[in-house]
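Containing mmCIF, C-alpha atoms: query_6.cif.
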```
data_input
#
loop_
_atom_site.group_PDB
_atom_site.id
_atom_site.type_symbol
_atom_site.label_atom_id
_atom_site.label_comp_id
_atom_site.auth_asym_id
_atom_site.auth_seq_id
_atom_site.Cartn_x
_atom_site.Cartn_y
_atom_site.Cartn_z
ATOM 1 C CA MET R 155 51.947 -140.538 64.568
ATOM 2 C CA ARG R 156 48.936 -138.979 62.890
ATOM 3 C CA ILE R 157 48.411 -135.294 63.616
ATOM 4 C CA TYR R 158 44.868 -133.950 63.712
ATOM 5 C CA LYS R 159 44.189 -130.300 62.928
ATOM 6 C CA ASN R 160 41.082 -129.945 65.016
ATOM 7 C CA ASN R 161 42.352 -128.265 68.153
ATOM 8 C CA ILE R 162 42.034 -124.685 69.322
ATOM 9 C CA ILE R 163 45.238 -123.172 70.693
ATOM 10 C CA LEU R 164 45.011 -120.011 72.806
ATOM 11 C CA ILE R 165 47.975 -117.645 72.988
ATOM 12 C CA GLY R 166 48.355 -114.294 74.712
ATOM 13 C CA MET R 167 49.924 -112.450 77.592
ATOM 14 C CA PRO R 168 49.852 -113.806 81.125
ATOM 15 C CA GLY R 169 46.599 -112.593 82.627
ATOM 16 C CA ALA R 170 44.756 -112.559 79.287
ATOM 17 C CA GLY R 171 42.416 -115.307 80.481
ATOM 18 C CA LYS R 172 43.635 -118.188 78.329
ATOM 19 C CA SER R 173 42.826 -120.836 80.959
ATOM 20 C CA THR R 174 39.519 -119.334 82.052
ATOM 21 C CA ILE R 175 38.303 -118.676 78.509
ATOM 22 C CA GLY R 176 39.757 -122.005 77.367
ATOM 23 C CA LYS R 177 37.707 -123.984 79.887
ATOM 24 C CA ALA R 178 34.513 -122.116 78.976
ATOM 25 C CA LEU R 179 35.165 -122.504 75.235
ATOM 26 C CA ALA R 180 35.940 -126.206 75.622
ATOM 27 C CA ALA R 181 32.635 -126.743 77.422
ATOM 28 C CA LYS R 182 30.688 -124.893 74.705
ATOM 29 C CA MET R 183 32.497 -126.719 71.873
ATOM 30 C CA GLN R 184 32.288 -130.084 73.665
ATOM 31 C CA TYR R 185 36.082 -130.335 73.492
ATOM 32 C CA GLY R 186 38.529 -131.404 76.143
ATOM 33 C CA PHE R 187 40.759 -128.815 77.809
ATOM 34 C CA ILE R 188 44.534 -128.787 78.235
ATOM 35 C CA ASP R 189 46.515 -126.166 80.154
ATOM 36 C CA SER R 190 50.068 -126.533 78.854
ATOM 37 C CA ASP R 191 51.509 -124.941 82.013
ATOM 38 C CA ILE R 192 49.907 -127.707 84.088
ATOM 39 C CA ILE R 193 51.367 -130.334 81.738
ATOM 40 C CA ILE R 194 54.813 -128.750 82.203
ATOM 41 C CA GLU R 195 54.402 -128.745 85.991
ATOM 42 C CA GLU R 196 53.276 -132.377 86.013
ATOM 43 C CA LYS R 197 56.137 -133.561 83.776
ATOM 44 C CA CYS R 198 58.739 -131.613 85.785
ATOM 45 C CA GLY R 199 57.190 -132.228 89.205
ATOM 46 C CA LYS R 200 57.536 -128.512 90.031
ATOM 47 C CA LYS R 201 55.613 -125.262 89.770
ATOM 48 C CA ILE R 202 56.438 -122.984 86.823
ATOM 49 C CA SER R 203 57.924 -120.414 89.211
ATOM 50 C CA GLU R 204 60.257 -123.094 90.653
ATOM 51 C CA ILE R 205 61.360 -124.223 87.184
ATOM 52 C CA LEU R 206 62.087 -120.599 86.259
ATOM 53 C CA PHE R 207 64.044 -120.054 89.478
ATOM 54 C CA GLU R 208 66.114 -123.231 89.049
ATOM 55 C CA SER R 209 66.581 -123.252 85.259
ATOM 56 C CA GLY R 210 66.397 -119.570 84.389
ATOM 57 C CA GLN R 211 64.378 -118.177 81.517
ATOM 58 C CA GLU R 212 66.414 -119.939 78.822
ATOM 59 C CA GLY R 213 66.172 -123.338 80.503
ATOM 60 C CA PHE R 214 62.461 -122.932 81.116
ATOM 61 C CA LEU R 215 61.816 -121.911 77.499
ATOM 62 C CA GLU R 216 63.625 -125.044 76.291
ATOM 63 C CA ILE R 217 61.462 -127.234 78.535
ATOM 64 C CA GLU R 218 58.290 -125.408 77.508
ATOM 65 C CA ASN R 219 59.163 -125.635 73.808
ATOM 66 C CA PHE R 220 59.881 -129.378 73.998
ATOM 67 C CA ILE R 221 56.724 -130.241 75.918
ATOM 68 C CA ASN R 222 54.482 -128.064 73.738
ATOM 69 C CA ALA R 223 56.066 -129.408 70.533
ATOM 70 C CA THR R 224 55.234 -132.965 71.595
ATOM 71 C CA LEU R 225 51.651 -132.408 72.793
ATOM 72 C CA ASN R 226 49.411 -134.899 71.051
ATOM 73 C CA ALA R 227 45.841 -133.692 71.192
ATOM 74 C CA ARG R 228 42.573 -134.174 69.377
ATOM 75 C CA ASN R 229 39.420 -132.107 69.878
ATOM 76 C CA LYS R 230 41.035 -130.029 72.610
ATOM 77 C CA VAL R 231 41.237 -126.392 73.576
ATOM 78 C CA ILE R 232 44.857 -125.807 74.581
ATOM 79 C CA ALA R 233 45.708 -122.836 76.796
ATOM 80 C CA THR R 234 49.404 -122.124 76.403
ATOM 81 C CA GLY R 235 51.738 -120.261 78.703
ATOM 82 C CA GLY R 236 52.363 -116.666 77.698
ATOM 83 C CA SER R 237 55.913 -117.486 76.584
ATOM 84 C CA ALA R 238 54.950 -120.397 74.299
ATOM 85 C CA ILE R 239 55.442 -118.105 71.293
ATOM 86 C CA PHE R 240 59.222 -118.189 71.863
ATOM 87 C CA GLY R 241 59.326 -121.899 70.995
ATOM 88 C CA ASN R 242 59.671 -122.256 67.223
ATOM 89 C CA GLU R 243 59.110 -126.020 67.199
ATOM 90 C CA ALA R 244 56.111 -125.693 69.498
ATOM 91 C CA MET R 245 54.495 -122.993 67.386
ATOM 92 C CA GLU R 246 55.098 -124.962 64.179
ATOM 93 C CA HIS R 247 53.471 -127.973 65.863
ATOM 94 C CA PHE R 248 50.514 -125.896 67.061
ATOM 95 C CA THR R 249 50.043 -124.519 63.531
ATOM 96 C CA ARG R 250 49.819 -128.083 62.218
ATOM 97 C CA ILE R 251 47.396 -129.397 64.836
ATOM 98 C CA GLY R 252 44.958 -126.530 65.291
ATOM 99 C CA ASP R 253 43.772 -122.980 64.922
ATOM 100 C CA ILE R 254 45.839 -120.473 66.879
ATOM 101 C CA ILE R 255 43.841 -117.746 68.565
ATOM 102 C CA TYR R 256 45.394 -114.664 70.116
ATOM 103 C CA LEU R 257 43.459 -113.361 73.111
ATOM 104 C CA LYS R 258 44.549 -109.752 72.867
ATOM 105 C CA LEU R 259 44.458 -107.384 75.807
ATOM 106 C CA SER R 260 45.767 -103.834 75.939
ATOM 107 C CA PHE R 261 48.828 -103.138 78.061
ATOM 108 C CA LYS R 262 46.638 -101.027 80.352
ATOM 109 C CA GLU R 263 44.353 -104.018 81.002
ATOM 110 C CA ILE R 264 47.307 -106.395 81.530
ATOM 111 C CA THR R 265 48.724 -104.087 84.222
ATOM 112 C CA LYS R 266 45.432 -104.398 86.119
ATOM 113 C CA ARG R 267 45.715 -108.196 86.125
ATOM 114 C CA ILE R 268 49.402 -108.823 86.849
ATOM 115 C CA ASP R 269 51.263 -107.420 89.814
ATOM 116 C CA ASP R 270 54.058 -109.866 90.686
ATOM 117 C CA LEU R 271 55.838 -111.359 87.653
ATOM 118 C CA GLU R 272 57.903 -113.865 89.646
ATOM 119 C CA LEU R 273 55.025 -115.104 91.766
ATOM 120 C CA ARG R 274 52.917 -115.429 88.622
ATOM 121 C CA GLY R 275 55.623 -117.568 86.990
ATOM 122 C CA VAL R 276 56.280 -115.260 84.036
ATOM 123 C CA ALA R 277 59.401 -115.944 81.973
ATOM 124 C CA PHE R 278 61.396 -112.724 81.766
ATOM 125 C CA LEU R 279 64.966 -111.476 81.870
ATOM 126 C CA GLU R 280 66.373 -109.711 84.900
ATOM 127 C CA GLY R 281 65.583 -106.018 84.708
ATOM 128 C CA GLU R 282 62.703 -106.428 82.254
ATOM 129 C CA THR R 283 59.491 -104.631 83.106
ATOM 130 C CA LEU R 284 55.982 -105.754 82.264
ATOM 131 C CA GLU R 285 56.026 -103.121 79.524
ATOM 132 C CA ASP R 286 59.229 -104.644 78.065
ATOM 133 C CA ILE R 287 57.685 -108.114 78.144
ATOM 134 C CA TYR R 288 54.510 -106.887 76.436
ATOM 135 C CA ALA R 289 56.486 -105.052 73.730
ATOM 136 C CA LYS R 290 58.623 -108.129 73.016
ATOM 137 C CA ARG R 291 55.777 -110.630 72.932
ATOM 138 C CA GLU R 292 52.964 -108.768 71.204
ATOM 139 C CA PRO R 293 54.497 -108.920 67.693
ATOM 140 C CA LEU R 294 54.979 -112.685 68.091
ATOM 141 C CA TYR R 295 51.366 -113.194 69.170
ATOM 142 C CA GLU R 296 50.315 -111.242 66.069
ATOM 143 C CA LYS R 297 52.671 -113.285 63.871
ATOM 144 C CA TYR R 298 51.327 -116.681 64.927
ATOM 145 C CA ALA R 299 47.648 -115.785 65.338
ATOM 146 C CA GLN R 300 45.237 -117.111 62.766
ATOM 147 C CA ILE R 301 42.417 -115.410 64.639
ATOM 148 C CA THR R 302 42.730 -112.420 66.989
ATOM 149 C CA VAL R 303 40.058 -111.523 69.514
ATOM 150 C CA ASP R 304 40.219 -108.171 71.270
ATOM 151 C CA CYS R 305 39.238 -109.012 74.854
ATOM 152 C CA ASP R 306 39.288 -105.518 76.386
ATOM 153 C CA GLY R 307 36.022 -104.724 78.138
ATOM 154 C CA LYS R 308 34.406 -108.050 77.242
ATOM 155 C CA SER R 309 33.036 -110.719 79.531
ATOM 156 C CA ILE R 310 34.117 -114.352 79.271
ATOM 157 C CA LYS R 311 30.697 -115.156 77.837
ATOM 158 C CA GLU R 312 31.067 -112.494 75.119
ATOM 159 C CA ILE R 313 34.569 -113.682 74.196
ATOM 160 C CA VAL R 314 33.474 -117.331 73.995
ATOM 161 C CA LYS R 315 30.500 -116.355 71.814
ATOM 162 C CA GLU R 316 32.771 -114.363 69.479
ATOM 163 C CA LEU R 317 35.244 -117.241 69.274
ATOM 164 C CA ARG R 318 32.542 -119.773 68.443
ATOM 165 C CA GLU R 319 31.244 -117.515 65.667
ATOM 166 C CA LYS R 320 34.739 -117.200 64.194
ATOM 167 C CA LEU R 321 35.476 -120.920 64.467
ATOM 168 C CA ILE R 322 32.236 -122.365 63.109
#
```

File written out as structure tokens:
Amino acid sequence: MRIYKNNIILIGMPGAGKSTIGKALAAKMQYGFIDSDIIIEEKCGKKISEILFESGQEGFLEIENFINATLNARNKVIATGGSAIFGNEAMEHFTRIGDIIYLKLSFKEITKRIDDLELRGVAFLEGETLEDIYAKREPLYEKYAQITVDCDGKSIKEIVKELREKLI
């Protein structure tokens, strides 16, 4: 299988706007769009929240890692789930097939966008708070990011414009 490095992979916290920004960026770049969470739901025949409930965080992360690591895409913007960064094989694959962009939001902004972690389908351990999740994930987003875009206080249009300038 030939792997093409011409995709744009969006990583970041749940609520960062990966899907919304991804669709807008794909339209501007004349790329296709893939939401990896939707691919997971389609392959499993269940919502992310149901997979998390039935398989637990560890089981879900294994499923997510496998599906992301086997995504075959060309000329696509790929919006990943917020926990994709826990999958080593997936992140290695994403590094090979595209440019990884971290859509960074402050913790304060994330708290405005997420209220119910379970309903949202966020992978977390029992007893973890949103602050715990943010603290655990943020260093991994930074580690894998080839490009970081600070999204605080910016419109979708402004973020897409900034991304295009950094990618072209």

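Put simply, the PyMOL selection byres ((chain R and resi 281-297) around 9) on this file hits Ile165, Gly166, Met167, Gly236, Ser237, Ile239, Phe240, Ile255, Tyr256, Leu257, Lys258, Phe261, Ile264, Thr265, Ile268, Leu271, Ala277, Phe278, Leu279, Glu280, Tyr298, Ala299, Gln300 and Thr302 of chain R.
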
Problem set entry | Output check: residues returned by the PyMOL selection byres ((chain R and resi 307) around 12), as a list in words | Ala170, Lys258, Leu259, Ser260, Lys262, Glu263, Ile264, Val303, Asp304, Cys305, Asp306, Lys308, Ser309, Ile310, Lys311, Glu312 and Ile313 of chain R

Selection under test: the PyMOL selection byres ((chain R and resi 195) around 12); residues as a PDB file with C-alpha atoms, in the coordinates of the input:
```
ATOM      1  CA  ASP R 189      46.515-126.166  80.154  1.00  0.00           C
ATOM      2  CA  SER R 190      50.068-126.533  78.854  1.00  0.00           C
ATOM      3  CA  ASP R 191      51.509-124.941  82.013  1.00  0.00           C
ATOM      4  CA  ILE R 192      49.907-127.707  84.088  1.00  0.00           C
ATOM      5  CA  ILE R 193      51.367-130.334  81.738  1.00  0.00           C
ATOM      6  CA  ILE R 194      54.813-128.750  82.203  1.00  0.00           C
ATOM      7  CA  GLU R 196      53.276-132.377  86.013  1.00  0.00           C
ATOM      8  CA  LYS R 197      56.137-133.561  83.776  1.00  0.00           C
ATOM      9  CA  CYS R 198      58.739-131.613  85.785  1.00  0.00           C
ATOM     10  CA  GLY R 199      57.190-132.228  89.205  1.00  0.00           C
ATOM     11  CA  LYS R 200      57.536-128.512  90.031  1.00  0.00           C
ATOM     12  CA  LYS R 201      55.613-125.262  89.770  1.00  0.00           C
ATOM     13  CA  ILE R 202      56.438-122.984  86.823  1.00  0.00           C
ATOM     14  CA  SER R 203      57.924-120.414  89.211  1.00  0.00           C
ATOM     15  CA  GLU R 204      60.257-123.094  90.653  1.00  0.00           C
ATOM     16  CA  ILE R 205      61.360-124.223  87.184  1.00  0.00           C
ATOM     17  CA  LEU R 206      62.087-120.599  86.259  1.00  0.00           C
ATOM     18  CA  PHE R 214      62.461-122.932  81.116  1.00  0.00           C
ATOM     19  CA  ILE R 217      61.462-127.234  78.535  1.00  0.00           C
ATOM     20  CA  GLU R 218      58.290-125.408  77.508  1.00  0.00           C
ATOM     21  CA  ILE R 221      56.724-130.241  75.918  1.00  0.00           C
ATOM     22  CA  GLY R 235      51.738-120.261  78.703  1.00  0.00           C
ATOM     23  CA  GLY R 275      55.623-117.568  86.990  1.00  0.00           C
TER      24      GLY R 275
END
```

Exercise. How far is it from CA of Asp253 (chain R) to CA of Leu321 (chain R), in Å with one decimal?
Worked result: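 Value for the CA of Asp253 (chain R)-CA of Leu321 (chain R) distance: 8.6 Å.
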
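Atom pair CA of Arg250 (chain R) / CA of Asn160 (chain R) has a distance of 9.4 Å (rounded to one decimal).
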
Problem set entry | Pairwise distance for CA of Tyr185 (chain R) and CA of Glu246 (chain R), rounded to one decimal in Å |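 Between these atoms lies a distance of 21.8 Å.
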
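Near Glu216 (chain R), within 8 Å and counting all atoms listed in the file, sit R:Glu212, R:Phe220, R:Gly241, not including residues fewer than 4 positions from it in the same chain.
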